[in-house]
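Since the structure comes first, as structure tokens, the remarks are kept for the end.
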Amino acid sequence: MYIEPHAHMVSRTTDDYEKLAIAGCEVLCEPAFWAGFDRSSPAGFYDYFRQLTEYEPKRAAKFGIKHYCWLCINPKEADDPVFAREVMALIPRFLDCPTVLGIGEIGLNKNTRNELAIFEEHVQLAMDRNLPILIHTPHLEDKLKGTRLTLELLATFSQLERSKVVIDHVEEHTIAQVLDAGYWAGMTLYPHSKCSSSRAIDMLELYGSERLWMNSACDWGVSDPLAVPRCMLEMKQRQHSAAAIEQIVYHNPRKFLSQSPRFVL
Amino acid sequence: MPTKQELLDLQFIEVRHKLIEVAAFLDRIDRHPGAADFRYAALQAAIPILLSARPDRTSGVLQALSDHSHETIPKAVIQGALGAARPAEDSDLGKAG
């Protein structure tokens with residue numbers, strides 16, 4: 001039994017829900033993100049938010065999986081601030097939906113000025129509504145700089161509860177800064193970029209499991225919806241106890257996500 | 001916690017395979033025509049970190065393949081990432097904003 005705290009199921013087939021259920025996935029959380037292409041209008045996001053709040057929970061429920069989501073305009077489509085603010089104006093009407101946990105996945109993509117401005121406005125929206133925040137950190141060569149800019153921006157919000165913020169896609173060169181600043185950190189198990197199972201377990205061994213979770217982020221790209229259970233297997237092969245495995249894949253995400261009163265197991 | 005011997009039993013063949021893939025990639029680049037770009041130079045700069053005795057080689061390699069500039073950039077030129085920081089003189093991507 002485990003929780004998948006970050007999966008982009010709009011990009012996956014219904015077969016994947018079945019595989020997840022067979023593998024023991026009890027709950028799945030889906031942050032709003034890029035769909036592999038730029039949407040041409042805010043109406044495209046309106047439909048996407050309906051898909052996240054109405055359709056995917058029903059599709060997941062057919063396999064006994066609870067589906068929750070996070071809402072935002074993602075950083076890849078946030079470099080046009082006029083467009084981004086039109087999309088942001090749609091978000092409040094969805095925030096009262098029963099499966100919406102918070103604002104995410106927000107943050108930076110190419111570390112631009114406009115991305116940072118829209119990121120800041122999302123953080124303010126979350127704080128105004130007392131919602132948890134899920135933050136994306138950039139890919140590959142942009143991650144180190146993007147993580148630093150992210151932490152600098154968050155530090156300007158003096159009233160921000162750091163325990164209600166998870167900074168995702170950490171790797172070995174960014175995890176210490178995130179944890180030292182008091183935030184939760186997410187390790188994304190993803191082929192060719194982000195983090196492998198072996199490296200995620202290394203980070204667990206080095207930094208402990210207190211404010212860490214792991215996820216597959218399975219999306220439209222080459223990715224594996226079963227990455228978390230595969231990592232659970234490698235943890236077992238590396239002699240991690242059943243209790244330690246359960247802590248990282250179940251109790252930790254449950255603890256963070258339960259900060260939203262809507263998250264019910 | 002597994003011993004060194006147990007980790008070798010578990011993962012040596014997989015890592016051996018990956019190391020040979022790196023060697024083969026370098027050979028492949030060298031024998032093909034044209035000029036390599038900043039990504040090849042970044043790989044060459046990162047590989048010596050593997051031979052160092054530091055306890056954080058993974059972080060070292062990631063740092064070597066990262067953009068170390070500090071300021072936001074004015075506008076995204078591409079949406080994706082290339083895996084190594086492009087030198088500032090090649091593109092606005094690496095320039096301070």
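To be explicit about the labels: the chains of the structure tokens are called A, B, and onward in the order shown, and within each one the residues are counted from 1, while ligands get numbers from 1 in the order they are shown.
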
At most 12 Å to chain A: residues in chain B, only C-alpha atoms, as a compact mmCIF listing (two decimals) with N, CA and C atoms, in the first residue's frame:
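Output file result12.txt follows:
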# COMPACT_ATOMS: atom_id res chain seq x y z
N MET B 1 21.94 -2.13 6.93
CA MET B 1 22.63 -1.53 5.79
C MET B 1 23.50 -2.58 5.09
N PRO B 2 23.40 -2.71 3.77
CA PRO B 2 24.20 -3.73 3.07
C PRO B 2 25.68 -3.40 3.11
N THR B 3 26.50 -4.43 3.01
CA THR B 3 27.95 -4.25 2.96
C THR B 3 28.36 -3.85 1.54
N LYS B 4 29.62 -3.43 1.42
CA LYS B 4 30.16 -3.14 0.08
C LYS B 4 30.01 -4.36 -0.83
N GLN B 5 30.31 -5.53 -0.29
CA GLN B 5 30.23 -6.76 -1.08
C GLN B 5 28.80 -6.99 -1.57
N GLU B 6 27.85 -6.75 -0.68
CA GLU B 6 26.45 -6.97 -1.06
C GLU B 6 26.00 -5.96 -2.12
N LEU B 7 26.47 -4.72 -1.99
CA LEU B 7 26.12 -3.73 -3.02
C LEU B 7 26.75 -4.09 -4.37
N LEU B 8 27.97 -4.59 -4.32
CA LEU B 8 28.61 -5.01 -5.58
C LEU B 8 27.83 -6.16 -6.21
N ASP B 9 27.41 -7.09 -5.37
CA ASP B 9 26.61 -8.21 -5.89
C ASP B 9 25.31 -7.71 -6.52
N LEU B 10 24.74 -6.68 -5.93
CA LEU B 10 23.43 -6.18 -6.37
C LEU B 10 23.53 -5.31 -7.62
N GLN B 11 24.59 -4.48 -7.71
CA GLN B 11 24.56 -3.41 -8.72
C GLN B 11 25.77 -3.34 -9.65
N GLU B 14 25.10 -3.68 -13.52
CA GLU B 14 24.35 -2.54 -14.06
C GLU B 14 25.27 -1.32 -14.23
N VAL B 15 26.10 -1.06 -13.22
CA VAL B 15 26.98 0.11 -13.29
C VAL B 15 28.09 -0.11 -14.31
N ARG B 39 28.08 20.85 -24.65
CA ARG B 39 27.67 19.70 -23.85
C ARG B 39 28.80 18.67 -23.72
N ALA B 42 31.23 19.97 -21.32
CA ALA B 42 30.73 19.82 -19.95
C ALA B 42 30.93 18.40 -19.44
N PRO B 55 33.38 12.63 -1.14
CA PRO B 55 32.23 11.77 -0.83
C PRO B 55 30.95 12.16 -1.55
N ASP B 56 31.00 13.29 -2.28
CA ASP B 56 29.78 13.78 -2.94
C ASP B 56 30.00 13.93 -4.44
N ARG B 57 30.47 12.86 -5.07
CA ARG B 57 30.74 12.94 -6.52
C ARG B 57 29.47 13.23 -7.31
N THR B 58 28.34 12.69 -6.85
CA THR B 58 27.09 12.89 -7.60
C THR B 58 26.75 14.38 -7.63
N SER B 59 26.81 15.01 -6.47
CA SER B 59 26.54 16.44 -6.43
C SER B 59 27.56 17.21 -7.26
N GLY B 60 28.81 16.75 -7.22
CA GLY B 60 29.85 17.42 -8.00
C GLY B 60 29.57 17.38 -9.48
N VAL B 61 29.14 16.22 -9.97
CA VAL B 61 28.82 16.10 -11.40
C VAL B 61 27.62 16.99 -11.75
N LEU B 62 26.60 16.96 -10.89
CA LEU B 62 25.41 17.79 -11.14
C LEU B 62 25.79 19.27 -11.14
N GLN B 63 26.66 19.65 -10.23
CA GLN B 63 27.11 21.05 -10.18
C GLN B 63 27.86 21.41 -11.47
N ALA B 64 28.70 20.48 -11.93
CA ALA B 64 29.48 20.75 -13.14
C ALA B 64 28.60 20.91 -14.37
N LEU B 65 27.40 20.31 -14.32
CA LEU B 65 26.48 20.38 -15.47
C LEU B 65 25.39 21.43 -15.26
N SER B 66 25.59 22.33 -14.30
CA SER B 66 24.56 23.31 -13.95
C SER B 66 24.92 24.72 -14.39
N ASP B 67 23.87 25.52 -14.57
CA ASP B 67 24.02 26.96 -14.81
C ASP B 67 24.31 27.63 -13.47
N HIS B 68 25.44 28.30 -13.39
CA HIS B 68 25.82 28.94 -12.12
C HIS B 68 25.57 30.45 -12.14
N SER B 69 24.84 30.96 -13.12
CA SER B 69 24.53 32.39 -13.10
C SER B 69 23.50 32.66 -12.00
N HIS B 70 23.33 33.91 -11.65
CA HIS B 70 22.54 34.23 -10.46
C HIS B 70 21.22 34.93 -10.74
N GLU B 71 21.12 35.66 -11.82
CA GLU B 71 19.95 36.50 -12.04
C GLU B 71 18.92 35.82 -12.94
N THR B 72 17.66 36.21 -12.80
CA THR B 72 16.66 35.75 -13.75
C THR B 72 17.00 36.27 -15.14
N ILE B 73 16.53 35.56 -16.18
CA ILE B 73 16.76 36.01 -17.55
C ILE B 73 15.50 36.74 -18.04
N PRO B 74 15.67 37.63 -19.04
CA PRO B 74 14.50 38.42 -19.47
C PRO B 74 13.38 37.59 -20.08
N LYS B 75 13.74 36.56 -20.84
CA LYS B 75 12.74 35.82 -21.60
C LYS B 75 13.26 34.42 -21.91
N ALA B 76 12.39 33.43 -21.84
CA ALA B 76 12.80 32.08 -22.21
C ALA B 76 12.98 31.99 -23.72
N VAL B 77 14.11 31.44 -24.15
CA VAL B 77 14.36 31.24 -25.57
C VAL B 77 13.84 29.87 -26.01
N ILE B 78 13.97 28.90 -25.12
CA ILE B 78 13.41 27.57 -25.33
C ILE B 78 12.65 27.16 -24.07
N GLN B 79 11.76 26.18 -24.20
CA GLN B 79 11.04 25.71 -23.01
C GLN B 79 11.77 24.57 -22.30
N GLY B 80 12.53 23.81 -23.06
CA GLY B 80 13.19 22.64 -22.49
C GLY B 80 14.56 22.95 -21.92
N ALA B 81 15.27 21.90 -21.55
CA ALA B 81 16.62 22.04 -21.02
C ALA B 81 17.55 21.15 -21.83
N LEU B 82 18.84 21.50 -21.83
CA LEU B 82 19.80 20.82 -22.70
C LEU B 82 20.72 19.88 -21.93
N GLY B 83 20.76 20.00 -20.62
CA GLY B 83 21.56 19.08 -19.83
C GLY B 83 22.89 19.64 -19.38
N ALA B 84 23.31 20.73 -19.98
CA ALA B 84 24.55 21.41 -19.56
C ALA B 84 24.35 22.89 -19.84
N ALA B 85 25.03 23.70 -19.04
CA ALA B 85 24.85 25.15 -19.19
C ALA B 85 25.58 25.65 -20.43
N ARG B 86 24.85 26.36 -21.26
CA ARG B 86 25.46 26.93 -22.47
C ARG B 86 26.32 28.12 -22.05
N PRO B 87 27.54 28.21 -22.57
CA PRO B 87 28.37 29.36 -22.19
C PRO B 87 27.68 30.67 -22.52
N ASP B 92 21.78 34.03 -25.03
CA ASP B 92 21.20 34.78 -23.92
C ASP B 92 20.82 33.87 -22.76
N LEU B 93 20.73 32.55 -23.02
CA LEU B 93 20.29 31.62 -21.98
C LEU B 93 21.13 31.73 -20.73
N GLY B 94 22.42 31.95 -20.92
CA GLY B 94 23.28 31.94 -19.76
C GLY B 94 23.58 33.33 -19.22
N LYS B 95 23.00 34.36 -19.83
CA LYS B 95 23.33 35.72 -19.42
C LYS B 95 22.47 36.18 -18.26
N ALA B 96 23.07 36.96 -17.43
CA ALA B 96 22.31 37.56 -16.33
C ALA B 96 21.29 38.53 -16.89
N GLY B 97 20.12 38.59 -16.27
CA GLY B 97 19.06 39.44 -16.78
C GLY B 97 19.10 40.85 -16.30

### Message
I'd like the neighbourhood of segment 154-158 of chain A as number ranges by chain, where a residue qualifies if any of its atoms comes within 12 Å (using only C-alpha atoms), though same-chain residues fewer than 2 positions away should be ignored.
### Response
A: 107, 116, 119-124, 126-128, 133, 135, 147-152, 160-162, 164-167, 178, 181-183

Please provide as a PDB file with C-alpha atoms, in the first residue's frame all residues within 9 Å of Ile29 of chain B, with the sequence filter that same-chain residues fewer than 5 positions apart are discarded (counting only C-alpha atoms).
ATOM      1  CA  ALA B  24      31.290   4.174 -26.124  1.00  0.00           C
ATOM      2  CA  ALA B  36      31.152  19.009 -30.638  1.00  0.00           C
ATOM      3  CA  TYR B  40      30.670  17.560 -24.775  1.00  0.00           C
TER       4      TYR B  40
END

### Interatomic distance, atom CA of Leu179 of chain A to atom CA of Leu212 of chain A (Å, one decimal)
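Distance reported for this atom pair: 8.6 Å.
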
#### Entry: Atomic distance atom CA of Ala217 of chain A - atom CA of Ile49 of chain B, expressed in Å with one decimal
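About the pair atom CA of Ala217 of chain A and atom CA of Ile49 of chain B: they are 29.6 Å apart.
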
### Task
With a distance cut-off of 6 Å and only C-alpha atoms, select the neighbouring residues of Leu28 of chain A, excluding the residue or stretch itself and same-chain residues fewer than 6 positions from it, and output the selection as a PyMOL selection string.
chain A and resi 4-5+67

### Task
Point out the residue among A:Val27, A:Met9, A:Ala89, A:Val264 with the least atom-to-atom distance to Pro225 of chain A, counting only C-alpha atoms.
A:Met9

### Task
Could you please determine the separation between atom CA of Gly221 of chain A and atom CA of Leu153 of chain A in Å, to one decimal place?
29.2 Å

### Task
Extract the full set of helix (DSSP H, G or I) residues from chain B according to DSSP on the backbone, and format it as a PyMOL selection string.
chain B and resi 4-31+38-50+57-64+88-90+92-94

### Query
Excluding same-chain residues fewer than 3 positions from Asn74 of chain A, what lies within 9 Å of it counting only C-alpha atoms, as a PyMOL selection string?
chain A and resi 32-34+71+77-78+84+104-109+119+136
